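The block underneath contains the structure these notes are about, expressed in structure tokens.
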Amino acid sequence: MTRIPTKPARQVSICSSVAAAIWTAAVGAGSADTLRIAVAADPGYLDPAYWGSSSEQLLIDNLYPRLAKYAAGDSWKAELDAAQSVDLSDPQHISFELKPGIMWSGGYGELTAEDVEYSFERHLDPDLESGVSAEFSLLKDVEVTGKYTGIIHLSAPSPAFWSATLSYTSGAIISKAAAEASEGYFEATPVATAGPYRFKSHEPGQPFMLEKDPDWSGAAAEFEEVAIIAIADDNAARVAFDAGEIDYTYAASALEYDNWSKSSGNTELRSSLDPLWMGISETYEGLSDIRVRQAIQKAVDVPTILAAISNGRADHATGIVAPGLLGYRDAAPKQRDLEGARALIAEAGAEGTVLRLDFVNTANRATIAQIVQANLAEIGLIVELNGQDEGTFWSVDEARAADLQLHVKSWTGNPDGIYTMQYFTSDQVGVWNWEGLSNPDYDALVERARRSTDDAERGRLYTQMQEMMEKSGNFLFLTNEPLTILWNDKIVPATLPDGRPVFAGFKKTAN
């Protein structure tokens with residue numbers, strides 16, 4: 001494998017509302033054979049080792065096979081995908097048998113157990129610098145026992161490895177032959193995929209085009225093509241929808257439910273697992289004093305934020321884990337305490353401190369940032385707002401990691417809470433742990449939770465970890481962000497419970 005010293009900078013999306021004419025010309029004016037879906041940004045990485053944005057996750061989920069995938073529907077339920085059978089009776093040694101006849105695009109042959117071995121074990125290679133290697137920390141190896149069979153060996157029993165990793169985006173299987181042909185690494189152009197759709201084309205400023213895979217042996221997709229259209233602004237997405245330029249769009253905002261309900265299409269508000277919070281980076285000198293971080297927690301008016309971005313439809317979060325999931329923290333949310341915040345700032349001698357607040361530059365995030373800016377001005381902190389496009393926001397190199405301060409962000413949630421919480425360990429500082437939480441006790445709880453085979457114990461550990469996160473002063477929990485979806489009468493959508501589209505399940509409306 002060729003060593004990659006540093007990952008290349010992400011592609012920067014050039015999408016904006018002025019690109020509507022380009023979209024229409026590129027995908028045809030509403031061709032019945034083309035499904036047009038709007039996303040927040042062009043993907044930067046479609047190698048599962050480096051995915052980070054919602055757009056990247058969406059395409060990886062729809063292009064690559066996994067042993068199992070969460071299915072479209074109203075509840076979070078994993079069903080077998082590339083696997084014909086999986087034996088989970090021993091959560092330390094997971095046996096699997098693949099379905100025969102699954103073919104890779106590009107002439108790379110059939111999906112075999114060697115592809116599974118390669119796909120999972122590559123995350124253990126330090127030279128690859130996999131961004132999701134933490135999820136594979138318990139993986140010892142994959143033993144290939146036959147063309148389609150193998151055993152996944154872990155260093156300890158871990159039911160969470162199946163639910164949070166193998167059934168989710170990072171569990172994507174890639175073609176060993178295709179990856180080796182591209183020196184073990186690829187970016188935004190998939191080398192080989194296996195599913196109802198395959199990559200067709202993508203040029204800057206143009207939709208990301210997929211087409212039916214003629215070698216796919218499973219159930220055929222209904223549309224000939226899928227056009228993935230990058231539209232960064234929710235209002236622009238609605239304008240494009242009303243102009244007949246897209247068929248389906250979704251936004252991480254309950255407020256858009258009111259706006260989009262005025263459109264000519266169909267609108268639904270979906271519950272989401274995705275945590276939204278403000279990170280407070282203790283690695284930054286101006287935030288290294290816990291009193292300053294705790295003052296910020298006390299000063300921000302979260303109910304006002306939620307009213308502004310959701311018209312009261314979003315609930316005040318008490319942690320990372322969404323309501324209804326194992327480990328949800330059933331506690332009173334942190335209340336605003338302006339006087340307490342001012343006292344802490346005075347005690348720390350931090351009046352006049354200047355801080356930068358980074359956020360993805362959408363109307364939703366800008367609203368949050370403006371309220372935070374006003375709130376912190378009331379306790380003597382000066383906040384400079386730094387809105388960025390999605391690709392730039394999620395790109396963290398060594399220099400930016402050292403300068404992270406305040407940041408509003410949302411992560412894709414998972415039905416298993418360990419998925420998000422495992423990224424706040426000490427070894428993730430400057431990678432995904434932008435908050436700088438470095439607590440050996442927290443790290444130990446993550447390891448215990450990974451290895452626990454008792455659901456009740458795991459739930460207690462998840463709750464305890466979220467309490468530590470809040471007490472550190474590094475996290476201000478906002479909500480598990482509801483998601484609004486909008487579609488026209490020409491299609492019948494297929495989505496995960498939170499509204500994220502499953503391309504192959506979309507149907508044309510019967511005429």
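Just remember, in the structure tokens the first chain shown is A, the second B, etc., residues are 1-based per chain, and ligands are 1-based in the order shown.
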Can you list, as a VMD selection string, every residue of region 262-412 of chain A that DSSP puts in alpha helix (DSSP H)? chain A and resid 290 to 299 302 to 310 338 to 348 363 to 377 390 to 394 398 to 402
Name the residues of region 9-254 of chain A that come out as strand (DSSP E) in a backbone DSSP run; write them as a PyMOL selection string. chain A and resi 34-39+68-70+78-80+83-87+93-98+139-144+149-154+197-201+208-212+225-230+248-251
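Each of A:Thr362, A:Thr112, A:Ser175, A:Asn311 was checked against Lys99 (chain A) using only C-alpha atoms; the smallest atom-to-atom distance is that of A:Thr112.
As for CA of Leu35 (chain A) and CA of Ala188 (chain A), they are spaced 20.5 Å apart.
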Write out as an NGL selection string the residues lying within 9 Å of Glu467 (chain A), counting only C-alpha atoms and excluding same-chain residues fewer than 6 positions away. :A and (318-319 or 329)
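Interatomic distance, CA of Glu135 (chain A) to CA of Glu110 (chain A): 26.5 Å.
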If you count only C-alpha atoms, which residues fall within 9 Å of Gly131 (chain A), apart from same-chain ones fewer than 5 positions away, as an NGL selection string? :A and (48-52 or 123 or 431-432)
Counting only C-alpha atoms, closest pick from A:Ile290, A:Ala369, A:Ile280, A:Ile37 relative to Ile228 (chain A) is A:Ile37
Counting only C-alpha atoms, which of A:Glu245, A:Asp115, A:Asp234, A:Asp141 gets nearest to Ala192 (chain A)? A:Asp115
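Within the 8 Å cut-off around Pro497 (chain A), using only C-alpha atoms and omitting residues fewer than 5 positions from it on the same chain, the listed residues are A:Ala72, A:Gly73, A:Asp74, A:Ser75, A:Trp76, A:Arg270, A:Ser271, A:Ser272.
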Using N, CA, C and O atoms, can you write the selected residues to a file as a short mmCIF file (atom, residue, chain, number, x, y, z; two decimals), in the first residue's frame?
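Result went into result18.cif, see below:
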data_model
loop_
_atom_site.label_atom_id
_atom_site.label_comp_id
_atom_site.auth_asym_id
_atom_site.auth_seq_id
_atom_site.Cartn_x
_atom_site.Cartn_y
_atom_site.Cartn_z
N ALA A 72 -34.85 0.90 4.98
CA ALA A 72 -35.85 1.96 4.86
C ALA A 72 -37.10 1.57 5.63
O ALA A 72 -37.49 0.40 5.65
N GLY A 73 -37.73 2.55 6.26
CA GLY A 73 -38.92 2.27 7.05
C GLY A 73 -39.05 3.23 8.21
O GLY A 73 -38.33 4.22 8.30
N ASP A 74 -39.96 2.93 9.12
CA ASP A 74 -40.26 3.82 10.23
C ASP A 74 -39.48 3.49 11.50
O ASP A 74 -39.57 4.23 12.48
N SER A 75 -38.75 2.40 11.52
CA SER A 75 -37.98 2.04 12.72
C SER A 75 -36.58 1.63 12.31
O SER A 75 -36.33 1.19 11.18
N TRP A 76 -35.64 1.78 13.26
CA TRP A 76 -34.24 1.45 12.98
C TRP A 76 -34.05 -0.06 13.10
O TRP A 76 -33.99 -0.61 14.20
N ARG A 270 -39.36 14.54 10.52
CA ARG A 270 -38.88 13.26 11.02
C ARG A 270 -38.03 13.44 12.28
O ARG A 270 -37.26 14.40 12.39
N SER A 271 -38.16 12.49 13.21
CA SER A 271 -37.28 12.48 14.38
C SER A 271 -35.89 12.05 13.93
O SER A 271 -35.74 11.23 13.03
N SER A 272 -34.90 12.62 14.56
CA SER A 272 -33.52 12.36 14.16
C SER A 272 -32.70 11.85 15.33
O SER A 272 -32.99 12.16 16.49
#
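Of note, CA of Ser288 (chain A) and CA of Ala317 (chain A) are spaced 24.6 Å apart.
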Close residues, region 158-169 of chain A itself excluded, 6 Å, only C-alpha atoms, min 3 positions apart in chain, as an MDAnalysis selection string: chainID A and resid 61 68:69 91 172 416 419 450:451
Could you check which of A:Leu59, A:Ala456, A:Met469, A:Ala113 is closest to Met209 (chain A), using only C-alpha atoms? A:Leu59
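The shell of residues at most 8 Å from Tyr462 (chain A), with only C-alpha atoms counted and near chain neighbours (fewer than 6 positions) removed, consists of A:Leu326, A:Gly327, A:Tyr328, A:Gly417, A:Ile418, A:Ala449.
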